[in-house]
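Novice: The following block contains the structure, expressed as structure tokens.
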Amino acid sequence: MPPEDEAIRPAIRALVAEAVAALPDDRRARSWAGFDAAFSRRLGEAGFLGLTLPKRYGGHERGPFARFVVVEELLSAGAPVAAHWIADRQSAPLILNFGTEEQRQYYIPRICRGELFFCIGMSEPGSGSDLASVRTRAARTETGWRVNGQKIWTTNAMHSDYMIALLRTSGSSEDRHAGLSQLIIDLKAPGVTVRPIVDLAGDAHFAEVFFEDVDLPAEALIGHEGEGWKQVTAELAFERSGPERIYSSVVLLDAWIRHLRGAGRDDTATLDLVGDFTARLGVLRAMSIACTARLAAGESPVVEASLVKDLGTSFEQELPVAIGADLAAWPDEAVDAELYRTLLYVTHLAPSFSLRGGTREILRGIVARGMGLR
Amino acid sequence: MDAADLIEPFARMLDTIAAPAAVRAVEHGGSADAMWAEVAASGFLDALVGEDAGGAGLPLAVANALWQELGRRAVPLPVGETMIARALLAAAGRPIPDGPVALAVAGPDRRTVVPFGRVAHHVLVESEGRLHLVAVASGDPEATGVTGDLSAVMRWDALPDADASAAPETGLRAVAAVLRAALIAGAADRLVEMTAAYANERIQFGKPIGRQQALQQTMAVMAEDAVAARIASQLGCAGAFPPALAAAATAKSVASKAAARIAASAHAVHGAIGISEEYDLQLFTRRLHAWRLADGSESYWNRRLGRLRMGSEAGSVDFTRAELFSA
Ligand SMILES: Cc1cc2nc3c(=O)[nH]c(=O)nc-3n(C[C@H](O)[C@H](O)[C@H](O)COP(=O)(O)OP(=O)(O)OC[C@H]3O[C@@H](n4cnc5c(N)ncnc54)[C@H](O)[C@@H]3O)c2cc1C
């Protein structure tokens, strides 16, 4: 980790500590689902958003390692990052890579200030893993585009200003990759309806989004017509390569270790488990840093990112299972209600860790192809 | 009478009173009185009460089959617990209260999670080898704060010894454990059914996802785990009531370990839709996790079974034959 990037850790840590001070562990464990626009603006003001982006668009030209440090601090403390998360991680880099100069100037500075929130419109009811089969259509009009169709599982659609959507601009869903384009949709446009979906933990962090004759200007197109598939593949590499794929359960891990120390437990079974998780976390962090180095070198480490995400999400999912087995191995210990809530929250949400951003099966397919199989 | 002749009407009754919408209504805080009235009127609550005390005197193995039906429908009431409580109270010659009864093992000044504590009227509490029947309010019940959770955090600082009776020799936790194992087995069976059906319906890449070998392997393991959980729960209930320690430990160890894996596979196959509240999958997977943690996880029962095993010089086959197959 470059020392100049490591050097920003105390500042971000202080800001995060203040933001989470009043939050119980089961709120912190929601980190990604925690929406706090004021906190995101504070991050923007303090210069912690748009770290990898050019200064001329309000970024900081610090590179992926600086972003790694900031993201690590945010997630390991369970800060509420949902508001800016997608815009900062993938929408802004996408607009930088494929957008026109006007689009860059229009969107990126406000993303860097933590004022503009984005969501990702890829999945549809009939198109999950088979993303290329999307049916939502954008048809050419005299002034731009008219969109009809539906997206689903769109994280934060109800709080977002814009959606970057993968849409069919020509052909049918049988044409697969050809005929797909990405459009920036203003979610306040007439004809857009957002219906939040409640999850099994009672939260509504994603939504269904319906488009009924939504008229968009010609400038809504991002990148090139018909190149949506290529662009989306690059976007997913950003989505999959950050440290976020190893830290989803870390608030629970820390809460459990605090409980063990409080209960004075140091039997071999407990130490074995704590040691196992600690060793694996260390290795996953090293792997994630290696991916970051590839990003810093300007590469797109698709296979490596998939490999780390698969291993990382398996780790994140094993944690609540093992911690549950341990806590319920001592039913005569007094229950700590906050830890119990945190455990059950992470337990219930854990399946989503290996769904969002591409399922385990799909990622393993990518890794296998990277090995030269098929 | 054939066991199936009993189970079928029980299952039919549950189908009418505990459809997913009714389960959700109770989880959201709605009254369960009408649902309970149906269960009480069915007469099944006295399944394990001896015939001499006016009960049906059914063997534990039949109760196991009834309990699996409860798990298969995510019934939001302590029906199995109440069967157990009524049998223990009747055997001790004590009066039996109306209404749902939860089970708890408590110690002084210790907060504990009581399954169905939010919907029970009474709790049968084991403390220092004695069974106390108390009103729910005496345990100062608080919601756990986990969405949809019907359990409550409770504590008892002092329990009146006046009309307590002796706890079963192996402890109330062992009795509760075989119930949990049966509930897990029932819910697991239902999840295997739902998951296979979904995999045959859901089309991606032009064909049902169930045709993907990777998912077939996942689902095959899931089905294996579900069968193991069922057999484990049946072993736990093969003997007399209350069950022996080795039987209870075996049942809860295997069922609990399978529970977490089965829930994970069911969700993996369903994709995002399984995470949504609206879809019924979560009614069952949340229960698998809750029941796995209740009354001792696999680690707790492994430790107890391990200790029992280490205390015997017999070979492993003879040990299991003697402890699990001699009923
Ligand atoms: C918390 C959360 C947030 C999300 N946020 C967003 C968002 O912001 N924007 C967005 O567009 N989407 C979002 N998604 C959707 C996510 O991208 C999809 O869930 C994912 O792509 C899988 O699609 P699906 O859920 O339809 O499952 P399906 O594709 O139907 O998959 C079901 C099962 O079949 C398997 N399968 C499918 N095809 C194959 C194959 N060829 N080989 C082997 N196995 C296969 C899958 O691995 C899975 O196990 C989110 C999902 C979650 C859970």
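Each chain of the structure tokens is named A, B, ... in the order shown, its residues numbered from 1; ligands are numbered from 1 in display order.
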Residues within 6 Å of ligand 1, counting only C-alpha atoms and all ligand atoms: report them as JSON, numbers by chain.
Specialist: {"A": [119, 120, 121, 122, 123, 127, 128, 129, 153, 154, 155, 352, 355, 356, 357, 358, 359, 360, 361, 362], "B": [204, 209, 212, 214, 215, 268, 269, 270, 271, 272]}
Novice: Since we have the selection now, will you write its residues out, keeping N, CA and C atoms, as a tab-separated table (two decimals), in the first residue's frame?
Specialist:
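Below is the file part23.tsv, written as the result:
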chain	number	residue	atom	x	y	z
A	119	CYS	N	-28.30	4.92	-9.76
A	119	CYS	CA	-28.57	3.50	-9.60
A	119	CYS	C	-28.30	2.79	-10.93
A	120	ILE	N	-28.23	1.46	-10.84
A	120	ILE	CA	-27.85	0.64	-11.99
A	120	ILE	C	-29.05	-0.14	-12.48
A	121	GLY	N	-29.48	0.13	-13.69
A	121	GLY	CA	-30.64	-0.60	-14.23
A	121	GLY	C	-30.21	-1.68	-15.20
A	122	MET	N	-29.80	-2.79	-14.67
A	122	MET	CA	-29.45	-3.92	-15.53
A	122	MET	C	-30.55	-4.98	-15.46
A	123	SER	N	-30.78	-5.57	-14.27
A	123	SER	CA	-31.68	-6.71	-14.14
A	123	SER	C	-33.13	-6.37	-14.48
A	127	SER	N	-34.58	-11.23	-16.89
A	127	SER	CA	-33.15	-11.17	-17.20
A	127	SER	C	-32.33	-10.90	-15.95
A	128	GLY	N	-31.78	-11.96	-15.40
A	128	GLY	CA	-30.90	-11.83	-14.24
A	128	GLY	C	-29.50	-12.16	-14.67
A	129	SER	N	-29.13	-13.44	-14.48
A	129	SER	CA	-27.81	-13.88	-14.93
A	129	SER	C	-27.67	-13.70	-16.44
A	153	TRP	N	-34.94	-5.05	-8.91
A	153	TRP	CA	-33.83	-5.18	-7.95
A	153	TRP	C	-32.88	-4.00	-8.03
A	154	THR	N	-33.39	-2.86	-8.47
A	154	THR	CA	-32.52	-1.71	-8.65
A	154	THR	C	-32.22	-1.07	-7.29
A	155	THR	N	-31.02	-1.28	-6.83
A	155	THR	CA	-30.62	-0.75	-5.53
A	155	THR	C	-30.74	0.77	-5.53
A	352	SER	N	-27.54	-12.81	-0.29
A	352	SER	CA	-27.44	-11.77	-1.32
A	352	SER	C	-25.99	-11.46	-1.67
A	355	LEU	N	-25.11	-12.98	-4.83
A	355	LEU	CA	-26.06	-12.75	-5.94
A	355	LEU	C	-25.76	-11.41	-6.60
A	356	ARG	N	-25.74	-10.35	-5.77
A	356	ARG	CA	-25.55	-8.99	-6.30
A	356	ARG	C	-24.20	-8.92	-7.03
A	357	GLY	N	-24.23	-8.24	-8.18
A	357	GLY	CA	-22.98	-8.10	-8.95
A	357	GLY	C	-22.58	-9.37	-9.67
A	358	GLY	N	-23.51	-10.33	-9.82
A	358	GLY	CA	-23.19	-11.59	-10.51
A	358	GLY	C	-23.16	-12.74	-9.52
A	359	THR	N	-23.86	-13.83	-9.84
A	359	THR	CA	-23.97	-14.94	-8.89
A	359	THR	C	-22.69	-15.76	-8.84
A	360	ARG	N	-22.60	-16.55	-7.78
A	360	ARG	CA	-21.45	-17.44	-7.61
A	360	ARG	C	-21.21	-18.31	-8.84
A	361	GLU	N	-22.28	-18.89	-9.36
A	361	GLU	CA	-22.14	-19.79	-10.51
A	361	GLU	C	-21.59	-19.05	-11.72
A	362	ILE	N	-22.07	-17.83	-11.93
A	362	ILE	CA	-21.62	-17.04	-13.08
A	362	ILE	C	-20.13	-16.66	-12.89
B	204	GLN	N	-33.40	-18.96	-17.87
B	204	GLN	CA	-32.30	-18.05	-18.18
B	204	GLN	C	-31.48	-18.72	-19.27
B	209	ILE	N	-33.23	-23.00	-15.42
B	209	ILE	CA	-31.95	-23.02	-14.70
B	209	ILE	C	-31.68	-24.40	-14.09
B	212	GLN	N	-28.97	-26.53	-15.57
B	212	GLN	CA	-27.54	-26.23	-15.38
B	212	GLN	C	-26.95	-27.22	-14.39
B	214	ALA	N	-24.34	-27.12	-12.60
B	214	ALA	CA	-23.86	-26.55	-11.33
B	214	ALA	C	-25.01	-26.50	-10.32
B	215	LEU	N	-26.19	-26.11	-10.79
B	215	LEU	CA	-27.34	-26.02	-9.87
B	215	LEU	C	-27.87	-27.41	-9.52
B	268	ALA	N	-29.59	-19.54	-2.98
B	268	ALA	CA	-28.69	-19.43	-4.14
B	268	ALA	C	-29.45	-19.75	-5.42
B	269	VAL	N	-30.27	-20.79	-5.38
B	269	VAL	CA	-30.99	-21.19	-6.59
B	269	VAL	C	-32.06	-20.17	-6.96
B	270	HIS	N	-32.69	-19.56	-5.96
B	270	HIS	CA	-33.77	-18.61	-6.26
B	270	HIS	C	-33.27	-17.25	-6.75
B	271	GLY	N	-32.03	-16.92	-6.48
B	271	GLY	CA	-31.56	-15.60	-6.88
B	271	GLY	C	-32.26	-14.52	-6.08
B	272	ALA	N	-32.34	-13.31	-6.67
B	272	ALA	CA	-32.79	-12.15	-5.91
B	272	ALA	C	-34.21	-12.30	-5.38
Novice: May I ask you to extract the residues of chain B within 7 Å of chain A, using only C-alpha atoms, and to give them as a ChimeraX atom specification?
Specialist: /B:110-112,144-147,204-205,260,264,267-268,271-272,275-277,282,286,293,295-300
Novice: CA of Ala92 (chain A) and CA of Ala19 (chain A), how far apart in Å?
Specialist: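 About the pair CA of Ala19 (chain A) and CA of Ala92 (chain A): they are 24.4 Å apart.
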Novice: List every residue of region 252-312 of chain B that DSSP, applied to the backbone of this structure, assigns to helix (DSSP H, G or I), and report them as a ChimeraX atom specification.
Specialist: /B:252-275,281-293,298-310
Novice: Mind the document's chain letters and residue numbers, and return as a ChimeraX atom specification the residues of region 123-320 of chain B that DSSP labels strand (DSSP E).
Specialist: /B:123-127,130-135,142-143,152-154,165-166,203-204,207-208
Novice: Measure the distance from CA of Val308 (chain A) to CA of Arg245 (chain A) in Å and round it to one decimal.
Specialist: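 We find that CA of Val308 (chain A) and CA of Arg245 (chain A) lie 7.6 Å from each other.
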Novice: I'd like the contact shell of Val113 (chain B) - 8 Å cut-off, only C-alpha atoms, skipping same-chain residues fewer than 4 positions apart - returned as number ranges by chain.
Specialist: A: 335; B: 144, 151-154, 294
Novice: Save out the residues we just selected, N, CA and C atoms, as an mmCIF file, in the first residue's frame.
Specialist:
data_model
loop_
_atom_site.group_PDB
_atom_site.id
_atom_site.type_symbol
_atom_site.label_atom_id
_atom_site.label_comp_id
_atom_site.auth_asym_id
_atom_site.auth_seq_id
_atom_site.Cartn_x
_atom_site.Cartn_y
_atom_site.Cartn_z
ATOM 1 N N VAL A 335 -27.773 -13.836 26.667
ATOM 2 C CA VAL A 335 -27.764 -13.376 25.294
ATOM 3 C C VAL A 335 -27.615 -11.854 25.258
ATOM 4 N N THR B 144 -37.077 -9.351 19.995
ATOM 5 C CA THR B 144 -35.644 -9.454 19.703
ATOM 6 C C THR B 144 -35.195 -8.339 18.765
ATOM 7 N N SER B 151 -39.900 -14.960 18.523
ATOM 8 C CA SER B 151 -39.327 -15.235 19.838
ATOM 9 C C SER B 151 -39.197 -13.933 20.626
ATOM 10 N N ALA B 152 -38.962 -14.079 21.901
ATOM 11 C CA ALA B 152 -38.816 -12.912 22.771
ATOM 12 C C ALA B 152 -37.625 -13.128 23.684
ATOM 13 N N VAL B 153 -36.992 -12.021 24.046
ATOM 14 C CA VAL B 153 -35.917 -12.095 25.034
ATOM 15 C C VAL B 153 -36.570 -12.005 26.413
ATOM 16 N N MET B 154 -36.269 -12.979 27.276
ATOM 17 C CA MET B 154 -36.902 -12.997 28.602
ATOM 18 C C MET B 154 -35.859 -13.271 29.682
ATOM 19 N N ALA B 294 -31.840 -22.216 18.247
ATOM 20 C CA ALA B 294 -32.610 -22.434 19.476
ATOM 21 C C ALA B 294 -32.222 -23.752 20.130
#
Novice: Please build the interface table for region 223-309 of chain A against region 55-68 of chain A with a cut-off of 12 Å, listing for each qualifying residue the nearest atom pair and the distance in Å to one decimal; count only C-alpha atoms, order rows by chain and increasing number, and write it as CSV.
Specialist:
residue,atom,partner,partner_atom,distance
A:Phe238,CA,A:Pro64,CA,10.6
A:Ser241,CA,A:Phe68,CA,10.3
A:Gly242,CA,A:Phe68,CA,7.1
A:Pro243,CA,A:Phe68,CA,6.6
A:Glu244,CA,A:Phe68,CA,9.1
A:Arg245,CA,A:Phe68,CA,11.9
A:Arg285,CA,A:Phe68,CA,10.3
A:Ala286,CA,A:Phe68,CA,11.7
A:Ser288,CA,A:Phe68,CA,9.0
A:Ile289,CA,A:Phe68,CA,7.9
A:Ala290,CA,A:Phe65,CA,10.3
A:Cys291,CA,A:Pro64,CA,9.7
A:Thr292,CA,A:Pro64,CA,6.1
A:Ala293,CA,A:Phe65,CA,7.6
A:Arg294,CA,A:Pro64,CA,9.3
A:Leu295,CA,A:Pro64,CA,6.7
A:Ala296,CA,A:Pro64,CA,5.7
A:Ala297,CA,A:Pro64,CA,9.5
A:Gly298,CA,A:Pro64,CA,9.9
A:Glu299,CA,A:Pro64,CA,11.6
Novice: Residues within 10 Å of Ala87 (chain A), please, as a tab-separated table (two decimals) with all heavy atoms, in the first residue's frame. Count only C-alpha atoms; anything in the same chain fewer than 3 positions from it doesn't count.
Specialist:
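Generated output (result.tsv):
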chain	number	residue	atom	x	y	z
A	49	LEU	N	-14.59	11.45	-2.08
A	49	LEU	CA	-15.30	10.84	-3.22
A	49	LEU	C	-14.58	11.23	-4.51
A	49	LEU	O	-13.90	12.25	-4.56
A	49	LEU	CB	-16.76	11.32	-3.25
A	49	LEU	CG	-17.59	11.00	-2.01
A	49	LEU	CD1	-19.03	11.47	-2.22
A	49	LEU	CD2	-17.55	9.52	-1.69
A	50	GLY	N	-14.74	10.42	-5.53
A	50	GLY	CA	-14.09	10.71	-6.81
A	50	GLY	C	-12.58	10.68	-6.70
A	50	GLY	O	-11.87	11.39	-7.42
A	82	ALA	N	-24.70	3.97	1.31
A	82	ALA	CA	-25.56	3.68	0.16
A	82	ALA	C	-25.75	4.88	-0.78
A	82	ALA	O	-25.78	4.71	-1.99
A	82	ALA	CB	-26.92	3.17	0.62
A	83	ALA	N	-25.88	6.07	-0.21
A	83	ALA	CA	-26.27	7.21	-1.05
A	83	ALA	C	-25.30	7.44	-2.21
A	83	ALA	O	-25.70	7.57	-3.35
A	83	ALA	CB	-26.40	8.48	-0.18
A	84	HIS	N	-24.01	7.46	-1.91
A	84	HIS	CA	-23.05	7.81	-2.97
A	84	HIS	C	-22.41	6.59	-3.61
A	84	HIS	O	-21.67	6.70	-4.58
A	84	HIS	CB	-21.93	8.67	-2.37
A	84	HIS	CG	-21.05	7.90	-1.44
A	84	HIS	ND1	-21.30	7.80	-0.09
A	84	HIS	CD2	-19.94	7.14	-1.66
A	84	HIS	CE1	-20.38	7.03	0.48
A	84	HIS	NE2	-19.55	6.62	-0.45
A	90	GLN	N	-19.10	3.20	-9.69
A	90	GLN	CA	-19.16	2.81	-11.09
A	90	GLN	C	-19.78	3.79	-12.06
A	90	GLN	O	-19.37	3.81	-13.21
A	90	GLN	CB	-19.76	1.41	-11.25
A	90	GLN	CG	-21.20	1.24	-10.82
A	90	GLN	CD	-21.51	-0.25	-10.60
A	90	GLN	OE1	-21.29	-0.78	-9.53
A	90	GLN	NE2	-22.01	-0.93	-11.62
A	91	SER	N	-20.73	4.62	-11.61
A	91	SER	CA	-21.35	5.53	-12.59
A	91	SER	C	-20.35	6.58	-13.06
A	91	SER	O	-20.22	6.82	-14.27
A	91	SER	CB	-22.59	6.20	-11.99
A	91	SER	OG	-23.44	5.23	-11.42
A	92	ALA	N	-19.63	7.21	-12.11
A	92	ALA	CA	-18.69	8.26	-12.51
A	92	ALA	C	-17.57	7.70	-13.41
A	92	ALA	O	-17.30	8.28	-14.47
A	92	ALA	CB	-18.12	8.97	-11.29
A	93	PRO	N	-16.94	6.57	-13.05
A	93	PRO	CA	-15.93	6.03	-13.97
A	93	PRO	C	-16.51	5.69	-15.34
A	93	PRO	O	-15.86	5.88	-16.37
A	93	PRO	CB	-15.44	4.76	-13.25
A	93	PRO	CG	-15.72	4.99	-11.81
A	93	PRO	CD	-16.96	5.85	-11.77
A	94	LEU	N	-17.75	5.20	-15.36
A	94	LEU	CA	-18.38	4.87	-16.64
A	94	LEU	C	-18.57	6.12	-17.48
A	94	LEU	O	-18.28	6.14	-18.69
A	94	LEU	CB	-19.74	4.20	-16.37
A	94	LEU	CG	-20.53	3.85	-17.63
A	94	LEU	CD1	-20.32	2.39	-17.99
A	94	LEU	CD2	-22.01	4.11	-17.46
A	95	ILE	N	-19.06	7.19	-16.84
A	95	ILE	CA	-19.29	8.44	-17.57
A	95	ILE	C	-17.95	9.01	-18.05
A	95	ILE	O	-17.83	9.50	-19.17
A	95	ILE	CB	-20.05	9.45	-16.69
A	95	ILE	CG1	-21.47	8.93	-16.40
A	95	ILE	CG2	-20.12	10.83	-17.35
A	95	ILE	CD1	-22.22	9.69	-15.32
A	107	TYR	N	-22.27	15.72	-14.96
A	107	TYR	CA	-22.54	14.77	-13.86
A	107	TYR	C	-21.39	14.63	-12.84
A	107	TYR	O	-21.62	14.56	-11.64
A	107	TYR	CB	-22.83	13.38	-14.42
A	107	TYR	CG	-24.09	13.30	-15.26
A	107	TYR	CD1	-24.00	13.13	-16.64
A	107	TYR	CD2	-25.34	13.38	-14.67
A	107	TYR	CE1	-25.15	13.04	-17.42
A	107	TYR	CE2	-26.50	13.30	-15.45
A	107	TYR	CZ	-26.39	13.12	-16.83
A	107	TYR	OH	-27.52	13.05	-17.58
A	108	ILE	N	-20.16	14.51	-13.33
A	108	ILE	CA	-19.09	14.04	-12.43
A	108	ILE	C	-18.79	14.99	-11.26
A	108	ILE	O	-18.66	14.52	-10.14
A	108	ILE	CB	-17.81	13.69	-13.24
A	108	ILE	CG1	-18.14	12.59	-14.26
A	108	ILE	CG2	-16.70	13.19	-12.31
A	108	ILE	CD1	-16.98	12.17	-15.14
A	110	ARG	N	-20.70	16.86	-9.54
A	110	ARG	CA	-21.69	16.73	-8.47
A	110	ARG	C	-21.63	15.35	-7.80
A	110	ARG	O	-21.96	15.21	-6.63
A	110	ARG	CB	-23.09	17.01	-9.02
A	110	ARG	CG	-23.34	18.51	-9.22
A	110	ARG	CD	-24.75	18.80	-9.67
A	110	ARG	NE	-24.98	18.29	-11.03
A	110	ARG	CZ	-26.19	18.04	-11.52
A	110	ARG	NH1	-27.27	18.22	-10.78
A	110	ARG	NH2	-26.32	17.59	-12.76
A	111	ILE	N	-21.18	14.35	-8.56
A	111	ILE	CA	-20.96	13.03	-7.92
A	111	ILE	C	-19.82	13.16	-6.91
A	111	ILE	O	-19.91	12.66	-5.79
A	111	ILE	CB	-20.64	11.96	-8.98
A	111	ILE	CG1	-21.88	11.67	-9.84
A	111	ILE	CG2	-20.13	10.68	-8.30
A	111	ILE	CD1	-21.64	10.68	-10.97
A	112	CYS	N	-18.77	13.87	-7.30
A	112	CYS	CA	-17.62	14.02	-6.41
A	112	CYS	C	-17.97	14.83	-5.17
A	112	CYS	O	-17.34	14.68	-4.13
A	112	CYS	CB	-16.45	14.69	-7.15
A	112	CYS	SG	-15.77	13.66	-8.46
A	114	GLY	N	-20.77	14.49	-3.70
A	114	GLY	CA	-21.73	13.70	-2.93
A	114	GLY	C	-23.14	14.26	-3.03
A	114	GLY	O	-23.94	14.09	-2.12
A	115	GLU	N	-23.45	14.88	-4.17
A	115	GLU	CA	-24.76	15.51	-4.30
A	115	GLU	C	-25.68	14.79	-5.27
A	115	GLU	O	-26.88	15.07	-5.30
A	115	GLU	CB	-24.59	16.96	-4.79
A	115	GLU	CG	-23.91	17.85	-3.78
A	115	GLU	CD	-23.57	19.22	-4.36
A	115	GLU	OE1	-23.89	19.49	-5.54
A	115	GLU	OE2	-22.97	20.01	-3.61
A	116	LEU	N	-25.10	13.91	-6.08
A	116	LEU	CA	-25.88	13.29	-7.14
A	116	LEU	C	-25.81	11.77	-6.97
A	116	LEU	O	-24.72	11.21	-6.88
A	116	LEU	CB	-25.25	13.69	-8.49
A	116	LEU	CG	-26.16	13.84	-9.69
A	116	LEU	CD1	-27.33	14.75	-9.37
A	116	LEU	CD2	-25.36	14.39	-10.86
A	117	PHE	N	-26.97	11.15	-6.92
A	117	PHE	CA	-27.00	9.71	-6.64
A	117	PHE	C	-27.49	8.93	-7.86
A	117	PHE	O	-28.43	9.33	-8.53
A	117	PHE	CB	-27.89	9.43	-5.43
A	117	PHE	CG	-27.50	10.25	-4.22
A	117	PHE	CD1	-28.46	10.85	-3.42
A	117	PHE	CD2	-26.16	10.44	-3.90
A	117	PHE	CE1	-28.10	11.62	-2.32
A	117	PHE	CE2	-25.79	11.21	-2.80
A	117	PHE	CZ	-26.76	11.80	-2.00
A	118	PHE	N	-26.85	7.79	-8.09
A	118	PHE	CA	-27.14	6.98	-9.26
A	118	PHE	C	-27.57	5.57	-8.86
A	118	PHE	O	-27.22	5.07	-7.79
A	118	PHE	CB	-25.90	6.85	-10.15
A	118	PHE	CG	-25.71	7.99	-11.10
A	118	PHE	CD1	-25.35	9.24	-10.62
A	118	PHE	CD2	-25.88	7.81	-12.47
A	118	PHE	CE1	-25.17	10.31	-11.49
A	118	PHE	CE2	-25.70	8.87	-13.35
A	118	PHE	CZ	-25.34	10.12	-12.87
A	119	CYS	N	-28.30	4.92	-9.76
A	119	CYS	CA	-28.57	3.50	-9.60
A	119	CYS	C	-28.30	2.79	-10.93
A	119	CYS	O	-28.13	3.43	-11.96
A	119	CYS	CB	-30.00	3.27	-9.11
A	119	CYS	SG	-31.28	3.90	-10.21
A	120	ILE	N	-28.23	1.46	-10.84
A	120	ILE	CA	-27.85	0.64	-11.99
A	120	ILE	C	-29.05	-0.14	-12.48
A	120	ILE	O	-29.59	-0.98	-11.76
A	120	ILE	CB	-26.79	-0.40	-11.58
A	120	ILE	CG1	-25.61	0.27	-10.89
A	120	ILE	CG2	-26.35	-1.23	-12.77
A	120	ILE	CD1	-24.76	-0.73	-10.13
A	160	SER	N	-32.51	7.76	-5.89
A	160	SER	CA	-31.52	8.18	-6.89
A	160	SER	C	-32.05	9.28	-7.80
A	160	SER	O	-33.24	9.38	-8.05
A	160	SER	CB	-31.09	6.99	-7.75
A	160	SER	OG	-30.43	6.05	-6.95
A	162	TYR	N	-30.55	9.57	-10.97
A	162	TYR	CA	-30.45	8.99	-12.31
A	162	TYR	C	-30.23	7.49	-12.26
A	162	TYR	O	-29.66	6.96	-11.29
A	162	TYR	CB	-29.27	9.60	-13.08
A	162	TYR	CG	-29.42	11.08	-13.32
A	162	TYR	CD1	-28.85	12.01	-12.45
A	162	TYR	CD2	-30.15	11.54	-14.42
A	162	TYR	CE1	-29.01	13.37	-12.67
A	162	TYR	CE2	-30.30	12.91	-14.64
A	162	TYR	CZ	-29.74	13.82	-13.76
A	162	TYR	OH	-29.89	15.15	-13.98
A	163	MET	N	-30.66	6.84	-13.32
A	163	MET	CA	-30.34	5.43	-13.51
A	163	MET	C	-29.51	5.31	-14.78
A	163	MET	O	-29.83	5.95	-15.80
A	163	MET	CB	-31.62	4.61	-13.68
A	163	MET	CG	-31.37	3.18	-14.18
A	163	MET	SD	-32.89	2.34	-14.70
A	163	MET	CE	-33.57	1.87	-13.11
A	164	ILE	N	-28.43	4.52	-14.72
A	164	ILE	CA	-27.77	4.16	-15.98
A	164	ILE	C	-28.31	2.79	-16.34
A	164	ILE	O	-28.09	1.81	-15.61
A	164	ILE	CB	-26.25	4.17	-15.85
A	164	ILE	CG1	-25.77	5.60	-15.51
A	164	ILE	CG2	-25.61	3.68	-17.16
A	164	ILE	CD1	-24.27	5.80	-15.56
Novice: Near region 69-73 of chain B, within 9 Å and counting only C-alpha atoms, which residues show up once chain neighbours fewer than 2 positions away are dropped, as JSON, numbers by chain?
Specialist: {"B": [7, 10, 11, 14, 15, 18, 19, 20, 23, 64, 65, 66, 67, 75, 76, 79, 80, 180, 182, 183, 184, 185, 186, 187, 188, 189, 190, 191, 283, 284, 287]}
Novice: Within 12 Å of Arg94 (chain B), counting only C-alpha atoms, which residues qualify if same-chain residues fewer than 4 places away don't, as a list in words?
Specialist: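 With the cut-off at 12 Å, the set is Val49, Ala53, Ala85, Arg86, Ala87, Leu88, Leu89, Ala90, Leu131, His132, Leu133, Asp163, Ala164, Ser165 and Ala166 of chain B.
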Novice: If we count only C-alpha atoms and set the cut-off at 7 Å, which residues sit around Asp140 (chain B), ignoring sequence neighbours fewer than 2 positions away in its own chain? Please answer as a list in words.
Specialist: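 Final neighbour list, sorted by chain and number: Ala137, Ser138, Glu142, Met154 and Arg155 of chain B.
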Novice: What does the distance from CA of Val114 (chain B) to CA of Leu288 (chain B) come to in Å, to one decimal?
Specialist: 15.5 Å
Novice: Measuring between only C-alpha atoms, which one of A:Met158, A:Val194, A:Ile185, A:Val251 shows the shortest distance to Leu74 (chain A)?
Specialist: A:Val251
Novice: Counting only C-alpha atoms, figure out which residue out of A:Val192, A:Ala207, A:Thr136, A:Ser170 gets nearest to Ile273 (chain B).
Specialist: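 Nearest candidate to Ile273 (chain B) out of A:Val192, A:Ala207, A:Thr136, A:Ser170: A:Ala207.
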